[in-house]
Amino acid sequence: MAGYSRITHRENGNVLDGKGSDDTVYLNAWNGGDYQQWNFEELGGEWYRITHKESGRVLDGKGSDDTVYLNEWNEGDYQQWSFEKLNDNCVKIIHKVDRRVLDGKEDGIIYLNDWNGGTYQQWFIDPLE
């Protein structure tokens with residue numbers, strides 16, 4: 001996946017957004033800003049680093065709870081993700097440490113959860129030009 005992409009939530013069409021000024025990651029309506037653009041760098045095998053364009057920080061997930069946030073790259077497993085293709089060109093985004101998936105609530109909160117097949121856990125990865 002070369003270049004930057006938009007990560008769109010299947011359930012409500014909002015996109016993964018990062019504040020940049022802090023570590024918060026949430027769902028928001030698409031506005032085309034750098035806060036909503038992500039780069040995927042292959043790390044070997046099935047694992048990727050997901051980098052936020054605005055801050056240069058990466059998507060990170062705490063293993064001890066369900067928190068997802070932005071953090072400086074430290075090469076840890078908590079910052080590595082894989083993708084499993086689903087129907088309709090959707091993917092589930094899988095956290096390396098505990099194999100839980102990226103999930104989004106209607107109120108915009110992003111968190112890790114066990115896979116249940118719901119549309120709140122399904123994402124479109126759309127390359128940007």
# chains A, B, ... in the order shown; residues from 1 in each chain; ligands from 1

call {"tool": "residues_around", "arguments": {"residues": "Asn12 in chain A", "least_positions_apart": "6", "cutoff": "12 Å", "atoms": "only C-alpha atoms", "output": "list of chain:residue names"}}
result
A:Leu27, A:Asn28, A:Ala29, A:Trp30, A:Gly104, A:Lys105, A:Glu106, A:Asp107, A:Gly108, A:Thr119, A:Tyr120, A:Gln121, A:Gln122, A:Trp123, A:Phe124

call {"tool": "residues_around", "arguments": {"residues": "Tyr35 in chain A", "least_positions_apart": "2", "cutoff": "9 Å", "atoms": "only C-alpha atoms", "output": "count of residues only"}}
result
13

call {"tool": "residues_around", "arguments": {"residues": "Phe83 in chain A", "least_positions_apart": "3", "cutoff": "8 Å", "atoms": "only C-alpha atoms", "output": "MDAnalysis selection string"}}
result
chainID A and resid 46 91:94

call {"tool": "atom_distance", "arguments": {"atom1": "CA of Asp34 in chain A", "atom2": "CA of Glu72 in chain A"}}
result
17.2 Å

call {"tool": "closest_residue", "arguments": {"among": "A:Gly44, A:Gly76, A:Gly56, A:Pro127", "to": "Gly3 in chain A", "atoms": "only C-alpha atoms"}}
result
A:Pro127

call {"tool": "atom_distance", "arguments": {"atom1": "CA of Arg10 in chain A", "atom2": "CA of Lys85 in chain A"}}
result
13.2 Å

call {"tool": "residues_around", "arguments": {"residues": "Asn74 in chain A", "least_positions_apart": "2", "cutoff": "12 Å", "atoms": "only C-alpha atoms", "output": "list in words"}}
result
Arg49, Arg57, Val58, Leu59, Asp60, Leu70, Asn71, Glu72, Gly76, Asp77, Tyr78, Gln79 and Gln80 of chain A

call {"tool": "atom_distance", "arguments": {"atom1": "CA of Asp88 in chain A", "atom2": "CA of Asn14 in chain A"}}
result
17.0 Å

call {"tool": "closest_residue", "arguments": {"among": "A:Asp103, A:Cys90, A:Trp73, A:Leu128", "to": "Asn116 in chain A", "atoms": "only C-alpha atoms"}}
result
A:Asp103

call {"tool": "select_by_dssp", "arguments": {"residues": "chain A", "states": "helix (DSSP H, G or I)", "output": "list of chain:residue names"}}
result
A:Asp34, A:Tyr35, A:Gln36, A:Asp77, A:Tyr78, A:Gln79, A:Asn87, A:Asp88, A:Asn89, A:Thr119, A:Tyr120, A:Gln121

call {"tool": "closest_residue", "arguments": {"among": "A:Glu129, A:Asp65, A:Asp114, A:Glu75", "to": "Trp47 in chain A", "atoms": "only C-alpha atoms"}}
result
A:Glu75

call {"tool": "closest_residue", "arguments": {"among": "A:Ser64, A:Leu86, A:Ile110, A:Gly117", "to": "Val15 in chain A", "atoms": "only C-alpha atoms"}}
result
A:Ile110

call {"tool": "residues_around", "arguments": {"residues": "Asp126 in chain A", "least_positions_apart": "2", "cutoff": "9 Å", "atoms": "only C-alpha atoms", "output": "compact mmCIF listing (two decimals) with all heavy atoms, in the first residue's frame"}}
result
# COMPACT_ATOMS: atom_id res chain seq x y z
N TYR A 4 -0.51 7.49 0.94
CA TYR A 4 -1.44 7.62 2.05
C TYR A 4 -2.82 7.11 1.68
O TYR A 4 -3.21 7.14 0.51
CB TYR A 4 -1.51 9.08 2.52
CG TYR A 4 -0.27 9.47 3.27
CD1 TYR A 4 0.79 10.07 2.62
CD2 TYR A 4 -0.14 9.17 4.62
CE1 TYR A 4 1.95 10.40 3.31
CE2 TYR A 4 1.02 9.50 5.32
CZ TYR A 4 2.06 10.11 4.65
OH TYR A 4 3.20 10.42 5.33
N SER A 5 -3.55 6.68 2.69
CA SER A 5 -4.90 6.14 2.51
C SER A 5 -5.83 6.70 3.57
O SER A 5 -5.41 7.18 4.61
CB SER A 5 -4.88 4.61 2.63
OG SER A 5 -4.10 4.02 1.63
N ARG A 6 -7.10 6.58 3.27
CA ARG A 6 -8.18 6.89 4.22
C ARG A 6 -8.66 5.55 4.77
O ARG A 6 -8.81 4.58 4.02
CB ARG A 6 -9.28 7.62 3.45
CG ARG A 6 -10.55 7.81 4.20
CD ARG A 6 -11.56 8.59 3.38
NE ARG A 6 -11.87 7.91 2.12
CZ ARG A 6 -12.20 8.54 1.00
NH1 ARG A 6 -12.26 9.84 0.94
NH2 ARG A 6 -12.48 7.86 -0.09
N ILE A 7 -8.92 5.48 6.07
CA ILE A 7 -9.45 4.28 6.71
C ILE A 7 -10.89 4.58 7.10
O ILE A 7 -11.15 5.37 8.01
CB ILE A 7 -8.62 3.89 7.95
CG1 ILE A 7 -7.15 3.69 7.57
CG2 ILE A 7 -9.20 2.63 8.60
CD1 ILE A 7 -6.23 3.46 8.77
N THR A 8 -11.83 3.98 6.38
CA THR A 8 -13.24 4.32 6.52
C THR A 8 -14.00 3.23 7.27
O THR A 8 -13.91 2.04 6.94
CB THR A 8 -13.89 4.53 5.14
OG1 THR A 8 -13.15 5.52 4.42
CG2 THR A 8 -15.34 4.98 5.27
N PHE A 124 -12.84 0.05 5.28
CA PHE A 124 -12.39 0.17 3.91
C PHE A 124 -11.06 0.93 3.93
O PHE A 124 -10.93 1.93 4.64
CB PHE A 124 -13.38 0.97 3.05
CG PHE A 124 -14.71 0.29 2.87
CD1 PHE A 124 -15.80 0.68 3.62
CD2 PHE A 124 -14.86 -0.72 1.94
CE1 PHE A 124 -17.04 0.07 3.46
CE2 PHE A 124 -16.09 -1.35 1.77
CZ PHE A 124 -17.18 -0.95 2.52
N LEU A 128 -5.34 7.32 -1.46
CA LEU A 128 -5.56 8.70 -1.89
C LEU A 128 -4.55 9.05 -2.96
O LEU A 128 -3.42 8.56 -2.95
CB LEU A 128 -5.43 9.65 -0.70
CG LEU A 128 -6.39 9.35 0.46
CD1 LEU A 128 -6.00 10.15 1.69
CD2 LEU A 128 -7.83 9.62 0.06
